Each structure stands twice: as C-alpha cells, then as structure tokens.
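Novice: Starting off with a structure, shown below.
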Amino acid sequence: MDDDRLNLSALDPMREPEHWQSAFDSTLARVDAVLRERERRQDPLVLIAGWMRPLLAAAAVTVAILIPMEIALEKNEINAERVQLLVTFSMDWAHGEQQPTGTDLLRVLSGVEVQ
Amino acid sequence: MAETEAELVARVRRGDREAAGHLAERYLRGCRAVALSIVSDLSGAEDVCQDAFVYAIERIDDCRHPERFSAWLMQIVRNRARNYVRDRKDWRNVPIESITDSGGGPSPAREAERADLREQLLAALAELPEERREVVLLHDLEGWTHREIAERMDLPPGTVRSHLHHARKRLRELLTKLKDPEE
C-alpha cells in the first residue's frame with residue numbers, strides 16, 4: 001500500500017457516476033456499430049461483390065488493350081507475310097537476273113500473287 | 001481466471017462485443033487519465049478517450065502485439081490527445097470556465113467547491129512535464145502499479161518510480177502554494 005499517494009479524487013470520474021456511466025455506455029454503443037460494420041464487411045457475399053468490381057474493371061481494361069493489339073498484330077502478320085513474299089521474289093528475281101517492275105513490287109506489297 | 005489481453009483481442013477480432021466491453025472496463029478509465037495528462041479539460045479528455053478507444057477497436061487488426069494491447073491503446077490516446085491540443089487549445093491557455101464538469105447532481109455551492117479543487121489540481125498538473133503527469137495520474141488516480149505503468153509507457157520501472165516521486169513532490173509544493181499563496 002502506498003501511503004505517499006496524492007489525493008487526486010477530485011479528478012475521479014466516479015465522483016459523478018451517472019455521467020461516467022453515460023460516457024462508458026456511449027463508447028460501447030459506438031464500438032457496437034464498429035463491430036457490426038466489421039461483421040458486414042466480412043460477409044462472403046459482400047467480399048465477392050468487393051472483388052467483382054475490380055475484376056470487371058481489369059477485364060474491361062484488358063479487352064480494351066487486347067483488341068487494338070490484335071488488330072495491330074494481324075496487320076503485322078500480313079506485313080510479315082508480304083515481307084517474306086518480297087524476299088522470296090527478290091531472290092527469284094536476283095537468281096533470274098530479272099529486274100522487277102514497279103507493278104511487280106506493288107503487287108507483292110498488296111498481297112496479290114505475282115506470276 | 002481473468003482473460004489475457006491477447007485472448008480478449010482475439011475475441012474482438014472475431015466480432016465478440018462482450019470482449020470489447022471487457023477491454024473497455026479494464027482500460028477506459030486509464031485512457032481518460034492518459035488523455036487528461038495531455039488535454040487540459042475533463043470533457044475534452046473524455047471525448048479523446050472515447051474516440052481513441054473506438055478507433056483502436058476499428059483498427060484492432062493493426063495491433064501487432066495483442067499481448068500488449070493496452071500499451072498500443074495508450075499510444076493511440078496520446079496521439080489523439082496531442083492532436084486535440086494542437087487543433088483546439090494551448091495547454092496553458094485554457095479558459096478557466098472550461099475546467100468544470102457538466103451534469104447535475106450536487107448543489108451549486110458544492111459543485112463550485114469541487115470545480116475549484118479540480119481547477120487547482122489541473123493547474124498544478126500543468127506545471128509538470130507530460131510524462132510525469134501521466135505517471136502520477138495513472139498511479140495515484142487510477143491505482144495502476146509501477147510495473148503496469150512501466151509496461152504501458154514503455155519505461156523502466158525505476159524511471160516510473162522516479163517520475164512518481166518527483167511529480168508528487170512538485171504537486172505538493174504547488175498545491176500548498178495555491179492554498180496559501182503567501183507561504
């Protein structure tokens with residue numbers, strides 16, 4: 001027991017017990033609201049709904065990026081094919097010592113088969 | 001056998017309201033004392049302690065050491081109390097009218113006497129460094145042991161004893177002067 005203790009009872013909340021009880025009860029009421037919200041956020045359906053929105057957003061962005069990419073890639077594939085054709089015909093022309101005409105080149109580049 | 005802090009925290013994390021109530025019973029008064037050591041008025045201290053406790057429950061998953069929940073809680077109280085002081089009042093410039101409790105009950109004369117005594121105590125406490133205020137309030141007002149205070153304030157027990165000794169000595173001098181200004 002500490003006999004040297006100061007008398008600070010004037011600051012004791014229990015000097016006005018009803019007031020302190022009211023403050024205590026209102027604290028617990030706020031805590032109740034916090035715990036109810038916590039419980040709601042942990043509900044499986046709420047969790048799934050929470051995941052769905054960002055997933056859908058990510059899917060939308062992915063599609064928005066992929067479609068132009070695919071278009072571009074298709075073009076590149078066509079271009080790659082045309083380049084390959086050009087290479088093939090160039091080699092043929094080179095072997096055959098035949099100079100290609102402007103028409104021949106245009107036909108290769110536009111994907112039309114050259115005889 | 002009383003549950004440990006860690007057990008109560010685990011229950012609160014599972015949404016157990018009763019466990020939150022037990023934590024409030026154990027620590028709300030201590031929160032008030034810590035808030036009072038920083039904030040200059042009783043109603044401000046009660047607001048701070050309530051806000052801090054609710055916040056601690058909201059963020060209970062952030063308590064990395066549940067076995068030291070009360071130390072973590074007291075730090076939240078201190079931070080909130082300092083924000084309160086910074087945002088609203090200077091510790092030393094509190095209007096005297098604010099250093100009273102609201103609420104009915106005692107007669108006006110008795111209430112005035114009580115308010116005077118509270119005012120004197122708060123004025124004397126204002127003269128102490130913050131850490132010593134907290135120690136003397138937790139020990140002499142709330143009845144915490146040196147060890148409990150040391151754990152919650154992250155101080156060596158010897159430092160707590162020293163703070164308590166010096167705080168009491170200074171408060172006695174100041175309170176004597178307040179009673180007898182000519183002494």
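The chains in the structure tokens are called A, B, ... from first to last as shown; in each chain the residues are counted from 1, and the ligands are counted from 1 in the order shown.
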Give the residues of chain A that lie within 8 Å of chain B; count only C-alpha atoms, and format the answer as a list of chain:residue names.
Specialist: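 Per the criterion, chain A yields A:Arg5, A:Leu6, A:Asn7, A:Leu8, A:Ser9, A:Ala10, A:Leu11, A:Asp12, A:Pro13, A:His19, A:Ala23, A:Phe24, A:Thr27, A:Leu28, A:Arg30, A:Val31, A:Asp32, A:Val34, A:Leu35, A:Arg36, A:Arg38, A:Glu39.
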Novice: Any chance you could export the current selection's N, CA and C atoms as a tab-separated table (two decimals), in the first residue's frame?
Specialist:
chain	number	residue	atom	x	y	z
A	5	ARG	N	0.59	8.34	-1.48
A	5	ARG	CA	-0.26	8.66	-2.63
A	5	ARG	C	-0.94	10.00	-2.45
A	6	LEU	N	-0.95	10.78	-3.54
A	6	LEU	CA	-1.65	12.07	-3.52
A	6	LEU	C	-3.16	11.84	-3.63
A	7	ASN	N	-3.90	12.76	-3.04
A	7	ASN	CA	-5.35	12.67	-3.15
A	7	ASN	C	-5.80	13.41	-4.42
A	8	LEU	N	-6.04	12.63	-5.48
A	8	LEU	CA	-6.50	13.23	-6.73
A	8	LEU	C	-7.96	12.91	-6.97
A	9	SER	N	-8.68	12.59	-5.90
A	9	SER	CA	-10.06	12.12	-6.05
A	9	SER	C	-10.97	13.16	-6.71
A	10	ALA	N	-10.59	14.43	-6.66
A	10	ALA	CA	-11.41	15.46	-7.33
A	10	ALA	C	-11.47	15.23	-8.83
A	11	LEU	N	-10.50	14.46	-9.35
A	11	LEU	CA	-10.48	14.17	-10.79
A	11	LEU	C	-11.07	12.79	-11.10
A	12	ASP	N	-11.51	12.09	-10.07
A	12	ASP	CA	-12.03	10.73	-10.25
A	12	ASP	C	-13.37	10.78	-10.98
A	13	PRO	N	-13.52	10.04	-12.07
A	13	PRO	CA	-14.80	10.06	-12.80
A	13	PRO	C	-15.96	9.53	-11.96
A	19	HIS	N	-22.69	10.28	-14.87
A	19	HIS	CA	-22.04	10.91	-16.02
A	19	HIS	C	-21.03	9.94	-16.64
A	23	ALA	N	-20.98	8.08	-20.34
A	23	ALA	CA	-19.85	8.16	-21.26
A	23	ALA	C	-19.39	6.74	-21.65
A	24	PHE	N	-19.38	5.86	-20.67
A	24	PHE	CA	-18.99	4.47	-20.91
A	24	PHE	C	-19.97	3.80	-21.88
A	27	THR	N	-19.61	4.99	-25.42
A	27	THR	CA	-18.42	4.39	-26.04
A	27	THR	C	-18.74	3.00	-26.56
A	28	LEU	N	-19.42	2.21	-25.74
A	28	LEU	CA	-19.76	0.84	-26.14
A	28	LEU	C	-20.76	0.83	-27.30
A	30	ARG	N	-20.82	3.00	-29.71
A	30	ARG	CA	-20.01	3.24	-30.91
A	30	ARG	C	-19.19	1.99	-31.28
A	31	VAL	N	-18.69	1.30	-30.28
A	31	VAL	CA	-17.95	0.06	-30.53
A	31	VAL	C	-18.85	-0.98	-31.19
A	32	ASP	N	-20.10	-1.05	-30.72
A	32	ASP	CA	-21.08	-1.98	-31.32
A	32	ASP	C	-21.24	-1.72	-32.82
A	34	VAL	N	-19.13	-0.30	-34.79
A	34	VAL	CA	-17.88	-0.68	-35.46
A	34	VAL	C	-17.86	-2.19	-35.72
A	35	LEU	N	-18.24	-2.96	-34.72
A	35	LEU	CA	-18.20	-4.42	-34.84
A	35	LEU	C	-19.26	-4.92	-35.82
A	36	ARG	N	-20.40	-4.24	-35.87
A	36	ARG	CA	-21.44	-4.64	-36.84
A	36	ARG	C	-20.95	-4.41	-38.26
A	38	ARG	N	-17.86	-4.30	-39.21
A	38	ARG	CA	-16.79	-5.27	-39.44
A	38	ARG	C	-17.39	-6.62	-39.87
A	39	GLU	N	-18.47	-7.00	-39.20
A	39	GLU	CA	-19.15	-8.26	-39.50
A	39	GLU	C	-19.73	-8.21	-40.91
Novice: Of the residues B:Asp41, B:Glu131, B:Asp62, B:Glu67, which is the one nearest to Glu3 (chain B), using only C-alpha atoms?
Specialist: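 Among B:Asp41, B:Glu131, B:Asp62, B:Glu67, it is B:Glu67 that comes nearest to Glu3 (chain B).
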Novice: Could you pull out all residues of chain B with a DSSP call of alpha helix (DSSP H) and give them as a PyMOL selection string?
Specialist: chain B and resi 5-13+17-38+42-58+69-87+108-126+130-136+146-153+157-179
Novice: Using only C-alpha atoms, which protein or nucleic acid residues come within 8 Å of Arg170 (chain B)? Drop anything in the same chain fewer than 4 positions from it, and give the result as number ranges by chain.
Specialist: B: 128, 166, 174
Novice: Grab the CA of Asp154 (chain B) to CA of Arg11 (chain B) distance for me, in Å with one decimal place.
Specialist: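 Interatomic distance, CA of Asp154 (chain B) to CA of Arg11 (chain B): 25.3 Å.
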Novice: One decimal, in Å: what's the spacing between CA of Arg78 (chain B) and CA of Val34 (chain B)?
Specialist: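 Here the two named atoms are 6.8 Å from each other.
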